Amino acid sequence: MKKWILSILGLVVVAALATWWLLPKTDKNEGQQPTAKVEVRTIEQIVTATGSIEPRDYVDVGAQVSGQLEVLHVNVGDTVEAGQLLAEIDATVLAARLDGVRAQLKYQQAQLAERIALHQQAQLNLRRQQRLREDRATSEEALEAAEAQAKAEAARVDGIKAQIEQTQSSLRADEANLNYTRIFAPMSGTIVNMVARQGQTLNAAQTTPTILTIANLAVMRVQAQVSEADISRLKPGTEVYFTTLGSRGERWHSKLDLIEPTPKVENNVVLYNALFDVENASGRLLPKMTTQVFFVVNKAEQVLSVPAAAISPRGPNRAEVQVRRNGMVEKVIVEVGLSDRVHVEVKSGLVEGDVVLLGGGANQPARPNGAPSGMRRG
């Protein structure tokens, strides 16, 4: 009986060993070490910055004359055309002043007519005295008096003409000031800001008071602040894209236009303004929006890539990667290219779809590409 029990136990052990031997062996790290697939993607090296949006073309519309802002014909958000009437300032005082200058001009013109007549009379008298003197019918003193009178009247005519020119100049200025009480749009665009209010008294004696701002929102300008550590990597023409806080990942693309040479210092950090324009046909970009800006300083499009965590550097442009193929793990030396710190371009040594281990390639000696994988590990 005892031998029979021992025989049965022996058969059980043999069956268990056979079952273990026939089962496929897997890597001891399988199911424990994270993996990733070799994928095709575009890798970019970028310089990031924050920025804000402003209209590229805008103008502050002000008042050139003082007075009460009598009528405002527009509101914020209105679209206006160049030459459209925007506002009117009370013109009562300026109109009265203009009437006074016009009356003065008429008076001076009447004076001029009188002086011209007197000058003509003096000229006739002079010619008469000259004829009489030739006939010795008048004295030398009478001739000299006639000559002096003619010259005096000519001078008076010139004086009145000068006064008229001065008055005409004042008239043109007063006419212009009266016209300035009607304020017209200097450009087409959208009213983005209203500084003054209807009924407000404007004083243009020392500075030009701003009434409103017109901006062309079809083209916006992004001003990005780039640190001094990164500014040398940028140049005009550099590809750039940005997102806004409410864009939900939507990107707007452009190219860098210019870098302002004078920096700003904020909290002991030196920042340079990098400017570029972007089309805004949809009207979704608005002034003062905050942007996250990405300058693309280098790019590799549609290349094989692996996560940076799968790479163990082994020299210039060379690295080691652990690859799982057909249930086995092997170490492969690969040629690497561009990196964005998250993914690394792989130029050779791997194919799309290969499964690589993350974080496991740096601690064991590598086997050359294509070498036998050796025993399967249990």
# chains A, B, ... in the order shown; residues from 1 in each chain; ligands from 1

$ select_by_dssp --residues "stretch 47-246 of chain A" --states "strand (DSSP E or B)" --output "PyMOL selection string"
chain A and resi 47-62+67-72+79-80+85-89+182-184+189-194+201-202+210-227+239-244

$ write_last_selection --atoms "C-alpha atoms" --output "short mmCIF file (atom, residue, chain, number, x, y, z; two decimals), in the first residue's frame"
data_model
loop_
_atom_site.label_atom_id
_atom_site.label_comp_id
_atom_site.auth_asym_id
_atom_site.auth_seq_id
_atom_site.Cartn_x
_atom_site.Cartn_y
_atom_site.Cartn_z
CA VAL A 47 10.95 77.98 -26.95
CA THR A 48 7.89 78.79 -24.86
CA ALA A 49 6.72 82.20 -23.75
CA THR A 50 3.62 83.98 -22.56
CA GLY A 51 2.18 86.91 -24.44
CA SER A 52 -0.81 89.10 -25.09
CA ILE A 53 -2.83 90.10 -28.15
CA GLU A 54 -3.34 93.61 -29.48
CA PRO A 55 -4.69 94.93 -32.79
CA ARG A 56 -1.88 95.56 -35.27
CA ASP A 57 -3.55 98.70 -36.63
CA TYR A 58 -5.43 101.04 -34.32
CA VAL A 59 -5.86 104.75 -33.68
CA ASP A 60 -6.90 106.83 -30.69
CA VAL A 61 -9.46 109.39 -31.88
CA GLY A 62 -9.27 112.65 -29.98
CA GLY A 67 -16.20 122.11 -25.63
CA GLN A 68 -19.01 119.87 -24.49
CA LEU A 69 -19.29 116.50 -26.22
CA GLU A 70 -22.81 117.04 -27.52
CA VAL A 71 -23.51 113.84 -29.49
CA LEU A 72 -21.86 110.42 -29.74
CA THR A 79 -18.04 98.72 -36.99
CA VAL A 80 -17.27 102.02 -38.71
CA LEU A 85 -19.26 110.80 -38.42
CA LEU A 86 -18.45 109.64 -34.87
CA ALA A 87 -19.16 112.56 -32.55
CA GLU A 88 -20.08 116.23 -32.40
CA ILE A 89 -18.83 118.90 -30.00
CA ARG A 182 -17.51 117.17 -36.10
CA ILE A 183 -15.23 114.17 -35.55
CA PHE A 184 -14.90 111.62 -38.34
CA GLY A 189 -12.46 99.24 -38.04
CA THR A 190 -14.23 98.44 -34.79
CA ILE A 191 -14.81 100.72 -31.79
CA VAL A 192 -12.85 98.91 -29.08
CA ASN A 193 -12.80 101.59 -26.39
CA MET A 194 -14.84 104.64 -25.37
CA THR A 201 -16.68 118.76 -21.31
CA LEU A 202 -13.42 118.30 -23.22
CA THR A 210 -9.01 110.87 -26.38
CA ILE A 211 -12.66 110.13 -27.10
CA LEU A 212 -12.51 106.57 -28.43
CA THR A 213 -10.25 103.99 -30.06
CA ILE A 214 -10.76 102.36 -33.47
CA ALA A 215 -8.94 99.12 -34.26
CA ASN A 216 -8.75 96.82 -37.26
CA LEU A 217 -9.42 93.39 -35.73
CA ALA A 218 -8.83 91.52 -39.00
CA VAL A 219 -5.10 91.28 -38.21
CA MET A 220 -3.88 90.97 -34.62
CA ARG A 221 -0.39 91.33 -33.22
CA VAL A 222 0.96 88.99 -30.52
CA GLN A 223 3.61 90.34 -28.18
CA ALA A 224 5.45 87.47 -26.51
CA GLN A 225 7.95 87.96 -23.71
CA VAL A 226 11.00 85.73 -24.19
CA SER A 227 13.72 85.29 -21.58
CA GLU A 239 7.77 79.35 -37.13
CA VAL A 240 5.48 80.05 -34.20
CA TYR A 241 2.08 79.00 -32.94
CA PHE A 242 0.05 79.88 -29.88
CA THR A 243 -3.04 79.03 -27.89
CA THR A 244 -5.33 81.15 -25.74
#

$ residues_around --residues "A:Gln123" --least-positions-apart "6" --cutoff "12 Å" --atoms "only C-alpha atoms" --output "mmCIF file with C-alpha atoms, in the first residue's frame"
data_model
loop_
_atom_site.group_PDB
_atom_site.id
_atom_site.type_symbol
_atom_site.label_atom_id
_atom_site.label_comp_id
_atom_site.auth_asym_id
_atom_site.auth_seq_id
_atom_site.Cartn_x
_atom_site.Cartn_y
_atom_site.Cartn_z
ATOM 1 C CA ILE A 116 -7.335 152.360 -52.937
ATOM 2 C CA ALA A 117 -9.589 155.257 -53.934
ATOM 3 C CA GLN A 129 1.583 168.601 -60.123
ATOM 4 C CA GLN A 130 4.242 167.063 -62.360
ATOM 5 C CA LEU A 143 5.211 168.667 -56.168
ATOM 6 C CA ALA A 145 3.959 167.137 -51.124
ATOM 7 C CA ALA A 146 2.005 165.368 -53.861
ATOM 8 C CA GLU A 147 4.725 162.736 -54.182
ATOM 9 C CA ALA A 148 4.732 162.151 -50.395
ATOM 10 C CA GLN A 149 0.942 161.899 -50.310
ATOM 11 C CA ALA A 150 0.940 159.285 -53.114
ATOM 12 C CA LYS A 151 3.573 157.199 -51.319
ATOM 13 C CA ALA A 152 1.695 157.418 -48.019
ATOM 14 C CA GLU A 153 -1.536 156.281 -49.591
ATOM 15 C CA ALA A 154 0.265 153.377 -51.272
#

$ closest_residue --among "A:Arg284, A:His119, A:Arg133, A:Arg314" --to "A:Gly246" --atoms "only C-alpha atoms"
A:Arg284

$ closest_residue --among "A:Asp277, A:Arg197, A:Glu352, A:Asn317" --to "A:Asn75" --atoms "only C-alpha atoms"
A:Arg197

$ residues_around --residues "A:Leu304" --least-positions-apart "4" --cutoff "10 Å" --atoms "only C-alpha atoms" --output "MDAnalysis selection string"
chainID A and resid 38:43 300 336:337 343:348 350:353

$ atom_distance --atom1 "atom CA of A:Gln292" --atom2 "atom CA of A:Val76"
27.5 Å

$ closest_residue --among "A:Val293, A:Leu357, A:Ile231, A:Val265" --to "A:Val329" --atoms "only C-alpha atoms"
A:Leu357

$ select_by_dssp --residues "stretch 26-250 of chain A" --states "helix (DSSP H, G or I)" --output "ChimeraX atom specification"
/A:92-134,140-180,228-231
